[in-house]
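Data file: protein.cif. Format and content: mmCIF, C-alpha atoms.
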```cif
data_query
#
loop_
_atom_site.label_atom_id
_atom_site.label_comp_id
_atom_site.auth_asym_id
_atom_site.auth_seq_id
_atom_site.Cartn_x
_atom_site.Cartn_y
_atom_site.Cartn_z
CA MET R 1 67.12 -47.35 -146.43
CA ILE R 2 70.13 -49.62 -146.23
CA THR R 3 72.79 -49.47 -148.87
CA LEU R 4 73.14 -52.93 -150.30
CA ALA R 5 76.67 -54.20 -150.81
CA PHE R 6 75.90 -54.75 -154.46
CA LYS R 7 74.15 -52.90 -157.22
CA LEU R 8 71.78 -55.15 -159.10
CA LYS R 9 72.02 -54.82 -162.84
CA ASP R 10 69.21 -55.31 -165.32
CA ASP R 11 67.85 -58.58 -164.04
CA MET R 12 67.32 -60.39 -167.33
CA HIS R 13 70.99 -61.01 -168.08
CA ILE R 14 73.15 -64.01 -167.36
CA ILE R 15 76.90 -64.31 -167.77
CA CYS R 16 78.52 -67.38 -169.37
CA SER R 17 82.26 -67.69 -169.06
CA ASP R 18 84.98 -70.12 -169.93
CA LEU R 19 86.95 -71.63 -167.01
CA GLU R 20 90.64 -72.32 -167.76
CA GLY R 21 92.62 -69.20 -168.53
CA VAL R 22 89.77 -67.10 -167.17
CA TRP R 23 89.36 -68.17 -163.53
CA ILE R 24 91.88 -70.99 -163.10
CA PRO R 25 95.19 -71.97 -164.71
CA GLU R 26 95.32 -74.34 -167.67
CA ILE R 27 95.01 -77.78 -166.09
CA TRP R 28 96.84 -80.02 -168.61
CA VAL R 29 99.75 -77.60 -168.90
CA ASN R 30 100.20 -77.68 -165.14
CA VAL R 31 99.83 -81.45 -164.94
CA ALA R 32 102.53 -81.75 -167.63
CA GLN R 33 104.84 -79.36 -165.77
CA LYS R 34 104.36 -80.90 -162.35
CA THR R 35 104.64 -84.51 -163.53
CA GLY R 36 107.53 -83.66 -165.86
CA ILE R 37 105.84 -85.54 -168.71
CA ASP R 38 106.42 -83.37 -171.76
CA GLU R 39 104.00 -85.29 -173.98
CA LEU R 40 101.15 -83.95 -171.85
CA LYS R 41 102.01 -80.41 -172.92
CA LEU R 42 100.41 -80.90 -176.33
CA THR R 43 97.17 -78.97 -176.78
CA THR R 44 94.59 -78.49 -179.51
CA ARG R 45 97.08 -76.14 -181.07
CA ASP R 46 99.33 -79.18 -181.70
CA ILE R 47 96.72 -81.87 -182.34
CA LYS R 48 93.65 -80.16 -183.78
CA ASP R 49 91.27 -83.07 -183.34
CA TYR R 50 90.12 -83.11 -179.74
CA ASP R 51 89.28 -86.80 -179.61
CA GLU R 52 92.69 -87.66 -181.05
CA LEU R 53 94.37 -85.39 -178.47
CA MET R 54 92.46 -86.92 -175.55
CA THR R 55 93.12 -90.46 -176.74
CA TYR R 56 96.81 -89.58 -176.92
CA ARG R 57 96.77 -88.06 -173.43
CA LEU R 58 95.05 -91.13 -171.94
CA LYS R 59 97.64 -93.37 -173.62
CA ILE R 60 100.47 -91.32 -172.07
CA LEU R 61 98.82 -91.45 -168.63
CA LYS R 62 98.50 -95.21 -168.93
CA GLN R 63 102.15 -95.61 -170.02
CA HIS R 64 103.29 -93.65 -166.97
CA LYS R 65 100.75 -95.41 -164.70
CA ILE R 66 99.26 -92.07 -163.64
CA THR R 67 95.88 -92.40 -161.93
CA LEU R 68 93.08 -89.88 -161.57
CA GLY R 69 94.16 -89.55 -157.94
CA ASP R 70 97.69 -88.62 -159.03
CA ILE R 71 96.33 -85.90 -161.28
CA GLN R 72 93.99 -84.65 -158.57
CA ASP R 73 97.04 -84.47 -156.28
CA VAL R 74 98.64 -82.11 -158.77
CA ILE R 75 95.46 -80.11 -159.27
CA ALA R 76 95.00 -79.78 -155.51
CA THR R 77 98.24 -77.75 -155.45
CA LEU R 78 96.86 -75.25 -157.97
CA LYS R 79 95.07 -72.05 -157.01
CA PRO R 80 92.50 -70.02 -158.91
CA LEU R 81 93.99 -67.02 -160.71
CA ASP R 82 94.66 -63.95 -158.55
CA GLY R 83 91.45 -62.04 -157.94
CA ALA R 84 89.21 -64.70 -159.50
CA LEU R 85 87.13 -65.35 -156.39
CA GLU R 86 86.50 -61.65 -155.80
CA MET R 87 85.55 -61.08 -159.44
CA ILE R 88 83.20 -64.05 -159.46
CA LYS R 89 81.50 -62.80 -156.28
CA SER R 90 81.11 -59.39 -157.83
CA LEU R 91 79.43 -60.84 -160.94
CA GLN R 92 77.19 -63.07 -158.81
CA ALA R 93 76.13 -60.08 -156.73
CA GLN R 94 75.14 -58.11 -159.82
CA SER R 95 73.82 -60.88 -162.02
CA ARG R 96 74.14 -64.64 -162.52
CA LEU R 97 77.16 -66.64 -163.68
CA ILE R 98 77.37 -70.03 -165.38
CA ILE R 99 80.84 -71.36 -166.17
CA VAL R 100 80.94 -73.51 -169.30
CA SER R 101 84.04 -75.56 -169.89
CA ASP R 102 85.46 -78.40 -171.97
CA THR R 103 87.37 -79.62 -168.93
CA PHE R 104 86.32 -82.60 -166.83
CA LEU R 105 84.41 -82.33 -163.60
CA GLU R 106 86.90 -84.59 -161.80
CA PHE R 107 89.73 -82.19 -162.65
CA ALA R 108 87.87 -78.94 -162.02
CA GLN R 109 86.11 -79.69 -158.74
CA PRO R 110 89.05 -79.06 -156.34
CA LEU R 111 89.43 -75.62 -157.92
CA MET R 112 85.69 -74.95 -157.96
CA LYS R 113 85.65 -75.48 -154.22
CA GLN R 114 88.19 -72.68 -153.83
CA LEU R 115 85.84 -70.47 -155.86
CA ASP R 116 82.85 -71.23 -153.57
CA TYR R 117 81.30 -73.54 -156.18
CA PRO R 118 80.00 -71.33 -158.95
CA THR R 119 77.79 -73.39 -161.29
CA LEU R 120 79.90 -75.31 -163.80
CA PHE R 121 78.71 -77.20 -166.87
CA CYS R 122 81.46 -79.41 -168.31
CA HIS R 123 82.38 -82.98 -169.28
CA SER R 124 83.39 -85.95 -167.17
CA LEU R 125 85.82 -88.83 -167.06
CA GLU R 126 85.41 -92.57 -167.08
CA VAL R 127 87.58 -94.17 -164.45
CA ASP R 128 88.14 -97.89 -163.87
CA ASP R 129 88.36 -99.67 -160.53
CA LYS R 130 92.14 -99.07 -160.43
CA ASP R 131 91.52 -95.30 -160.67
CA MET R 132 92.93 -95.23 -164.20
CA ILE R 133 91.22 -92.83 -166.60
CA VAL R 134 89.91 -95.04 -169.38
CA GLY R 135 87.76 -92.59 -171.28
CA TYR R 136 85.76 -89.43 -171.17
CA LYS R 137 82.16 -88.40 -171.66
CA ILE R 138 81.35 -85.31 -173.69
CA ARG R 139 78.06 -83.98 -172.29
CA GLN R 140 76.74 -83.17 -175.75
CA PRO R 141 78.03 -81.93 -179.12
CA ASP R 142 78.72 -78.17 -179.37
CA PRO R 143 78.18 -77.88 -175.60
CA LYS R 144 78.98 -74.19 -175.20
CA ARG R 145 76.46 -73.04 -177.80
CA GLN R 146 73.83 -75.35 -176.30
CA VAL R 147 74.22 -73.79 -172.85
CA VAL R 148 73.67 -70.31 -174.27
CA LYS R 149 70.59 -71.54 -176.17
CA ALA R 150 69.19 -73.20 -173.05
CA LEU R 151 69.58 -69.98 -171.05
CA GLN R 152 68.01 -67.97 -173.87
CA SER R 153 65.03 -70.35 -173.72
CA LEU R 154 64.64 -69.08 -170.14
CA LYS R 155 64.41 -65.50 -171.50
CA TYR R 156 67.85 -64.46 -170.35
CA GLU R 157 70.12 -62.33 -172.48
CA VAL R 158 73.55 -63.89 -172.41
CA ILE R 159 76.88 -62.09 -171.99
CA ALA R 160 79.62 -64.58 -172.93
CA PHE R 161 83.39 -64.52 -172.84
CA GLY R 162 86.31 -66.85 -173.28
CA ASP R 163 89.82 -67.02 -174.65
CA SER R 164 89.96 -69.72 -177.27
CA TYR R 165 88.49 -71.37 -180.35
CA ASN R 166 86.24 -73.70 -178.39
CA ASP R 167 84.50 -70.64 -176.92
CA MET R 168 83.53 -69.17 -180.25
CA SER R 169 80.17 -70.92 -180.67
CA MET R 170 79.23 -69.60 -177.22
CA LEU R 171 80.26 -66.07 -178.12
CA GLU R 172 78.49 -66.31 -181.46
CA GLN R 173 75.23 -67.52 -179.89
CA ALA R 174 75.26 -64.93 -177.07
CA GLU R 175 73.62 -61.51 -177.30
CA LYS R 176 76.83 -59.84 -176.09
CA ALA R 177 80.35 -61.24 -176.15
CA PHE R 178 84.00 -60.44 -175.69
CA LEU R 179 87.41 -62.11 -175.56
CA TYR R 180 89.32 -62.49 -172.31
CA ARG R 181 93.12 -62.63 -172.60
CA PRO R 182 93.04 -64.37 -175.97
CA PRO R 183 96.20 -65.44 -177.82
CA GLN R 184 97.06 -63.35 -180.88
CA VAL R 185 95.75 -65.99 -183.34
CA VAL R 186 92.29 -65.75 -181.80
CA ILE R 187 92.39 -61.95 -181.91
CA ASP R 188 93.36 -62.13 -185.58
CA ASP R 189 90.62 -64.62 -186.44
CA TYR R 190 87.88 -62.87 -184.45
CA PRO R 191 88.51 -59.14 -184.77
CA GLN R 192 84.83 -58.35 -184.18
CA TYR R 193 84.99 -58.91 -180.42
CA PRO R 194 86.16 -56.44 -177.77
CA ILE R 195 88.99 -57.66 -175.55
CA ALA R 196 89.57 -57.55 -171.81
CA THR R 197 93.04 -58.35 -170.49
CA ASN R 198 92.40 -58.23 -166.72
CA TYR R 199 89.48 -58.36 -164.29
CA ASP R 200 89.15 -54.56 -164.10
CA GLU R 201 88.69 -54.41 -167.86
CA MET R 202 86.33 -57.41 -167.69
CA LYS R 203 84.22 -55.55 -165.16
CA VAL R 204 84.04 -52.42 -167.29
CA LEU R 205 83.13 -54.40 -170.42
CA ILE R 206 80.43 -56.44 -168.68
CA GLU R 207 78.90 -53.38 -167.07
CA SER R 208 78.71 -51.77 -170.51
CA MET R 209 76.77 -54.80 -171.76
CA TYR R 210 73.94 -54.98 -169.21
CA MET Z 1 96.36 -90.32 -153.59
CA ILE Z 2 94.66 -87.54 -151.71
CA THR Z 3 91.23 -88.05 -150.27
CA LEU Z 4 89.04 -85.38 -151.75
CA ALA Z 5 86.73 -83.57 -149.36
CA PHE Z 6 83.79 -84.59 -151.49
CA LYS Z 7 82.59 -87.63 -153.29
CA LEU Z 8 81.50 -86.86 -156.81
CA LYS Z 9 78.24 -88.45 -157.81
CA ASP Z 10 77.24 -89.55 -161.27
CA ASP Z 11 78.16 -86.46 -163.20
CA MET Z 12 75.13 -86.16 -165.45
CA HIS Z 13 72.70 -85.04 -162.76
CA ILE Z 14 71.68 -81.56 -161.72
CA ILE Z 15 69.60 -80.58 -158.73
CA CYS Z 16 66.77 -78.01 -158.99
CA SER Z 17 65.32 -76.74 -155.76
CA ASP Z 18 62.78 -74.22 -154.59
CA LEU Z 19 64.07 -71.35 -152.42
CA GLU Z 20 61.63 -70.13 -149.75
CA GLY Z 21 60.79 -72.77 -147.18
CA VAL Z 22 63.73 -74.85 -148.41
CA TRP Z 23 66.81 -72.65 -147.88
CA ILE Z 24 65.42 -69.35 -146.56
CA PRO Z 25 62.33 -68.29 -144.61
CA GLU Z 26 59.15 -67.18 -146.39
CA ILE Z 27 59.86 -63.57 -147.34
CA TRP Z 28 56.36 -62.03 -147.45
CA VAL Z 29 55.35 -63.65 -144.16
CA ASN Z 30 58.39 -62.12 -142.50
CA VAL Z 31 57.86 -58.73 -144.10
CA ALA Z 32 54.27 -58.79 -142.83
CA GLN Z 33 55.37 -59.73 -139.32
CA LYS Z 34 58.20 -57.24 -139.07
CA THR Z 35 56.24 -54.33 -140.56
CA GLY Z 36 53.13 -55.24 -138.56
CA ILE Z 37 50.98 -54.97 -141.70
CA ASP Z 38 48.57 -57.89 -141.47
CA GLU Z 39 47.29 -57.51 -145.04
CA LEU Z 40 50.72 -58.63 -146.28
CA LYS Z 41 50.20 -62.01 -144.62
CA LEU Z 42 47.86 -63.14 -147.37
CA THR Z 43 49.36 -65.83 -149.62
CA THR Z 44 48.23 -67.83 -152.64
CA ARG Z 45 46.29 -69.93 -150.16
CA ASP Z 46 44.07 -66.88 -149.54
CA ILE Z 47 44.07 -65.29 -153.00
CA LYS Z 48 44.59 -68.06 -155.54
CA ASP Z 49 45.35 -65.82 -158.52
CA TYR Z 50 48.99 -64.78 -158.25
CA ASP Z 51 48.62 -61.58 -160.27
CA GLU Z 52 45.66 -60.54 -158.13
CA LEU Z 53 47.66 -61.26 -154.97
CA MET Z 54 50.71 -59.29 -156.13
CA THR Z 55 48.57 -56.35 -157.27
CA TYR Z 56 46.96 -56.36 -153.83
CA ARG Z 57 50.36 -56.50 -152.09
CA LEU Z 58 51.70 -53.59 -154.15
CA LYS Z 59 48.57 -51.55 -153.31
CA ILE Z 60 49.12 -52.20 -149.59
CA LEU Z 61 52.81 -51.22 -149.84
CA LYS Z 62 51.83 -47.99 -151.59
CA GLN Z 63 49.16 -47.19 -148.96
CA HIS Z 64 51.75 -47.62 -146.21
CA LYS Z 65 54.44 -45.79 -148.24
CA ILE Z 66 56.78 -48.75 -147.96
CA THR Z 67 59.69 -48.64 -150.41
CA LEU Z 68 61.83 -51.45 -151.79
CA GLY Z 69 64.57 -50.19 -149.47
CA ASP Z 70 62.26 -50.58 -146.46
CA ILE Z 71 61.54 -54.18 -147.45
CA GLN Z 72 65.23 -54.87 -148.07
CA ASP Z 73 65.88 -53.51 -144.56
CA VAL Z 74 63.56 -56.19 -143.22
CA ILE Z 75 65.01 -58.91 -145.42
CA ALA Z 76 68.54 -57.96 -144.38
CA THR Z 77 67.61 -59.01 -140.82
CA LEU Z 78 66.64 -62.51 -142.01
CA LYS Z 79 68.99 -65.46 -142.08
CA PRO Z 80 68.99 -68.60 -144.21
CA LEU Z 81 67.46 -71.60 -142.46
CA ASP Z 82 69.73 -73.43 -140.03
CA GLY Z 83 72.14 -75.68 -141.91
CA ALA Z 84 71.17 -74.37 -145.35
CA LEU Z 85 74.64 -73.14 -146.29
CA GLU Z 86 76.29 -76.42 -145.30
CA MET Z 87 73.69 -78.47 -147.16
CA ILE Z 88 74.04 -76.34 -150.30
CA LYS Z 89 77.84 -76.71 -150.19
CA SER Z 90 77.46 -80.45 -149.84
CA LEU Z 91 75.19 -80.65 -152.91
CA GLN Z 92 77.51 -78.39 -154.91
CA ALA Z 93 80.47 -80.59 -154.02
CA GLN Z 94 78.68 -83.71 -155.23
CA SER Z 95 76.74 -82.31 -158.14
CA ARG Z 96 75.29 -79.02 -159.41
CA LEU Z 97 72.47 -76.93 -157.92
CA ILE Z 98 70.14 -74.44 -159.56
CA ILE Z 99 67.59 -72.71 -157.31
CA VAL Z 100 64.35 -71.87 -159.10
CA SER Z 101 61.98 -69.51 -157.36
CA ASP Z 102 58.90 -67.36 -157.89
CA THR Z 103 60.38 -64.72 -155.62
CA PHE Z 104 61.98 -61.51 -156.85
CA LEU Z 105 65.69 -61.03 -157.29
CA GLU Z 106 65.63 -57.77 -155.33
CA PHE Z 107 64.19 -59.59 -152.31
CA ALA Z 108 66.30 -62.72 -152.52
CA GLN Z 109 69.75 -61.28 -153.17
CA PRO Z 110 70.67 -60.30 -149.56
CA LEU Z 111 69.93 -63.89 -148.55
CA MET Z 112 71.71 -65.38 -151.55
CA LYS Z 113 74.84 -63.55 -150.48
CA GLN Z 114 74.68 -65.36 -147.13
CA LEU Z 115 74.50 -68.64 -149.08
CA ASP Z 116 77.65 -67.81 -151.14
CA TYR Z 117 75.52 -67.04 -154.20
CA PRO Z 118 74.23 -70.33 -155.52
CA THR Z 119 72.72 -69.82 -158.98
CA LEU Z 120 69.15 -68.51 -158.71
CA PHE Z 121 66.59 -68.19 -161.50
CA CYS Z 122 63.61 -66.06 -160.43
CA HIS Z 123 61.53 -62.97 -161.26
CA SER Z 124 62.23 -59.29 -160.71
CA LEU Z 125 60.57 -56.08 -159.62
CA GLU Z 126 59.86 -52.79 -161.33
CA VAL Z 127 60.82 -49.90 -159.10
CA ASP Z 128 60.19 -46.19 -159.76
CA ASP Z 129 62.58 -43.31 -159.05
CA LYS Z 130 61.14 -42.94 -155.55
CA ASP Z 131 62.06 -46.59 -154.81
CA MET Z 132 58.39 -47.59 -154.79
CA ILE Z 133 57.64 -51.02 -156.24
CA VAL Z 134 55.30 -50.33 -159.14
CA GLY Z 135 55.20 -53.73 -160.79
CA TYR Z 136 56.91 -57.03 -161.32
CA LYS Z 137 58.31 -58.96 -164.23
CA ILE Z 138 57.64 -62.68 -164.52
CA ARG Z 139 60.62 -64.14 -166.40
CA GLN Z 140 58.40 -66.44 -168.46
CA PRO Z 141 55.21 -68.49 -168.08
CA ASP Z 142 55.55 -71.80 -166.22
CA PRO Z 143 59.11 -70.84 -165.26
CA LYS Z 144 59.96 -73.84 -163.09
CA ARG Z 145 59.09 -76.40 -165.76
CA GLN Z 146 61.03 -74.38 -168.34
CA VAL Z 147 64.20 -74.46 -166.23
CA VAL Z 148 64.03 -78.25 -165.97
CA LYS Z 149 63.46 -78.53 -169.72
CA ALA Z 150 66.41 -76.23 -170.45
CA LEU Z 151 68.70 -78.33 -168.26
CA GLN Z 152 67.43 -81.52 -169.87
CA SER Z 153 68.34 -80.01 -173.27
CA LEU Z 154 71.91 -79.96 -171.88
CA LYS Z 155 71.64 -83.73 -171.27
CA TYR Z 156 71.35 -83.46 -167.51
CA GLU Z 157 68.98 -85.63 -165.53
CA VAL Z 158 67.15 -83.40 -163.09
CA ILE Z 159 66.46 -84.10 -159.43
CA ALA Z 160 63.86 -81.56 -158.28
CA PHE Z 161 62.27 -80.71 -154.96
CA GLY Z 162 60.06 -78.07 -153.44
CA ASP Z 163 57.27 -77.60 -150.94
CA SER Z 164 54.32 -76.07 -152.70
CA TYR Z 165 51.92 -76.02 -155.65
CA ASN Z 166 54.09 -73.74 -157.74
CA ASP Z 167 56.84 -76.38 -157.63
CA MET Z 168 54.72 -79.14 -159.10
CA SER Z 169 55.45 -78.48 -162.78
CA MET Z 170 59.16 -78.65 -161.92
CA LEU Z 171 58.73 -81.93 -160.07
CA GLU Z 172 56.56 -83.32 -162.86
CA GLN Z 173 59.11 -82.44 -165.55
CA ALA Z 174 62.13 -83.75 -163.62
CA GLU Z 175 63.46 -87.31 -163.87
CA LYS Z 176 63.47 -87.64 -160.07
CA ALA Z 177 61.51 -85.57 -157.56
CA PHE Z 178 60.48 -85.28 -153.94
CA LEU Z 179 58.68 -82.94 -151.57
CA TYR Z 180 60.56 -80.98 -148.92
CA ARG Z 181 58.60 -80.06 -145.78
CA PRO Z 182 55.32 -79.73 -147.66
CA PRO Z 183 52.05 -78.69 -145.96
CA GLN Z 184 49.50 -81.48 -145.53
CA VAL Z 185 47.35 -80.28 -148.45
CA VAL Z 186 50.27 -80.75 -150.83
CA ILE Z 187 51.01 -84.20 -149.41
CA ASP Z 188 47.35 -85.12 -149.91
CA ASP Z 189 47.27 -83.83 -153.48
CA TYR Z 190 50.62 -85.34 -154.52
CA PRO Z 191 50.91 -88.70 -152.74
CA GLN Z 192 53.26 -90.03 -155.45
CA TYR Z 193 56.30 -88.13 -154.17
CA PRO Z 194 58.65 -89.13 -151.36
CA ILE Z 195 59.02 -86.57 -148.58
CA ALA Z 196 62.03 -85.19 -146.73
CA THR Z 197 61.44 -83.17 -143.57
CA ASN Z 198 65.00 -82.07 -142.76
CA TYR Z 199 68.37 -81.75 -144.48
CA ASP Z 200 69.55 -85.19 -143.34
CA GLU Z 201 66.54 -86.80 -144.99
CA MET Z 202 67.05 -84.58 -148.04
CA LYS Z 203 70.62 -85.84 -148.33
CA VAL Z 204 69.58 -89.48 -148.09
CA LEU Z 205 66.81 -89.03 -150.67
CA ILE Z 206 69.03 -87.19 -153.14
CA GLU Z 207 71.82 -89.74 -152.79
CA SER Z 208 69.32 -92.48 -153.57
CA MET Z 209 68.39 -90.63 -156.79
CA TYR Z 210 71.82 -90.19 -158.39
#
```

Full structure transcribed into structure tokens:
Amino acid sequence: MITLAFKLKDDMHIICSDLEGVWIPEIWVNVAQKTGIDELKLTTRDIKDYDELMTYRLKILKQHKITLGDIQDVIATLKPLDGALEMIKSLQAQSRLIIVSDTFLEFAQPLMKQLDYPTLFCHSLEVDDKDMIVGYKIRQPDPKRQVVKALQSLKYEVIAFGDSYNDMSMLEQAEKAFLYRPPQVVIDDYPQYPIATNYDEMKVLIESMY
Amino acid sequence: MITLAFKLKDDMHIICSDLEGVWIPEIWVNVAQKTGIDELKLTTRDIKDYDELMTYRLKILKQHKITLGDIQDVIATLKPLDGALEMIKSLQAQSRLIIVSDTFLEFAQPLMKQLDYPTLFCHSLEVDDKDMIVGYKIRQPDPKRQVVKALQSLKYEVIAFGDSYNDMSMLEQAEKAFLYRPPQVVIDDYPQYPIATNYDEMKVLIESMY
């Protein structure tokens, strides 16, 4: 008998993870840093309403005449987090992985390529014929919870993890859940979830949840 | 502006494909050939009832004392079909891909690794402590249609393709569908679907469906 290079876990599980802060760096933060435009550093911690925040960001991009191509230039210089590819492969060998993000496909795709294209469900941008970002399309309301529900309709038990408030409906809907490198405010608000702070701890936690 | 190595297609599509005959060779046929056990060559064309066929296959494996490890040995010698990895990468760069199969995870996984682990939804085996296959677990009834419905609940339009009768509920449920290298009986029974006979034709058909 051969020894397979992976140990299959209970087959009826699927893993749902966040993207930014888990596998890749925060995209807007890096775009702000690399373009030197401080207004792009604002996040949902500064402007709670997501639509208001995005409208503000698009206004700033327009003011500075920054195209989608310019932003993709910046993103193309980013790398996935150290060890992300190996960890993703390890999860894919044992189980299945769906990445669920509130980012935009046009931003994420250059980084997804570096991760060998794990399946990503996210939003997308509206771009005009001058390559200016003129809007964005949210795939559906409460998208992270809906992905977990869809996978549960396929009789999978879902193991979910993420680092921020927008992940909480996903964690709540999943059968098993934990936080990955969350900020202290999230830890304080959601004390019920175990926490992993690096990929080794992530691996141990996930293996305890199969 | 950089030129990205991919051209993103309309973002709200997702591709659902069959596995065997599309990306990898037929597993049971190859196991039958490589073990020299002719009884394993029977397919749903010979025994229409799938449960009856699988029960028969498991009986034959037991008679010949063939373990899961023995079968994985055989499968480990198989390769994906020529060009499959490149075609999968191309679809993942443009869109998203979910492979939906009636095979078993334990059989497929060595081949999925060679394809950089695209997401696969399939069934699984029950194995005893002597590594004998004693049963199988169907994830859910009508699994291929259910996957399409789940993805539609996430507001994706589904482009589906496969080669055989068990793919038809998936093709029927999808917004767009075609046959890939189907046998003549399938072509005769489902004349409404376009046909691709190689990856170049697949690419052209899919691009016409975005």

Could you tell me which residues the PyMOL selection byres ((chain R) within 8 of (chain Z)) grabs in this file, written as a VMD selection string?
chain R and resid 1 to 2 4 8 11 to 12 69 to 70 72 to 73 89 92 to 93 96 to 98 105 to 106 109 to 110 113 116 to 120 124 139 to 140 143 146 to 147 150 to 151 153 to 155

From the options R:Ile187, R:Phe178, R:Ala32, R:Val158, which residue's atoms come nearest to Glu201 in chain R, counting all atoms listed in the file?
R:Phe178

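Nearest residue to Thr103 in chain R, choosing from R:Val148, R:Ile24, R:Ile15, R:Ile60 and counting only C-alpha atoms: R:Ile24.
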
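Separating CA of Glu175 in chain Z from CA of Ser101 in chain Z is a distance of 19.0 Å.
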
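Reported to one decimal place, the separation of CA of Glu39 in chain Z from CA of Val100 in chain Z is 26.4 Å.
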
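The spacing separating CA of Val22 in chain R from CA of Ile37 in chain R amounts to 24.5 Å.
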
To test your reading of the syntax: which residues would the PyMOL selection byres ((chain R and resi 203) around 12) return for the file shown? Reply as a PyMOL selection string.
chain R and resi 15+84+86-91+94+159+161+178+180+195-202+204-210

For the structure provided, state which residues fall under the PyMOL selection byres ((chain R and resi 188-191) around 12), and present them as a ChimeraX atom specification.
/R:162-165,167-169,171-172,177-179,182-187,192-195

Applying 10 Å and only C-alpha atoms, which residues near Pro25 in chain R remain after dropping the ones on its own chain fewer than 4 positions away? List them as a VMD selection string.
chain R and resid 19 to 21 29 to 30 75 78 to 81 111

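Across Z:Met54, Z:Val31, Z:Ala160, Z:Val127, the tightest approach to Thr77 in chain Z is made by Z:Val31 when counting all atoms listed in the file.
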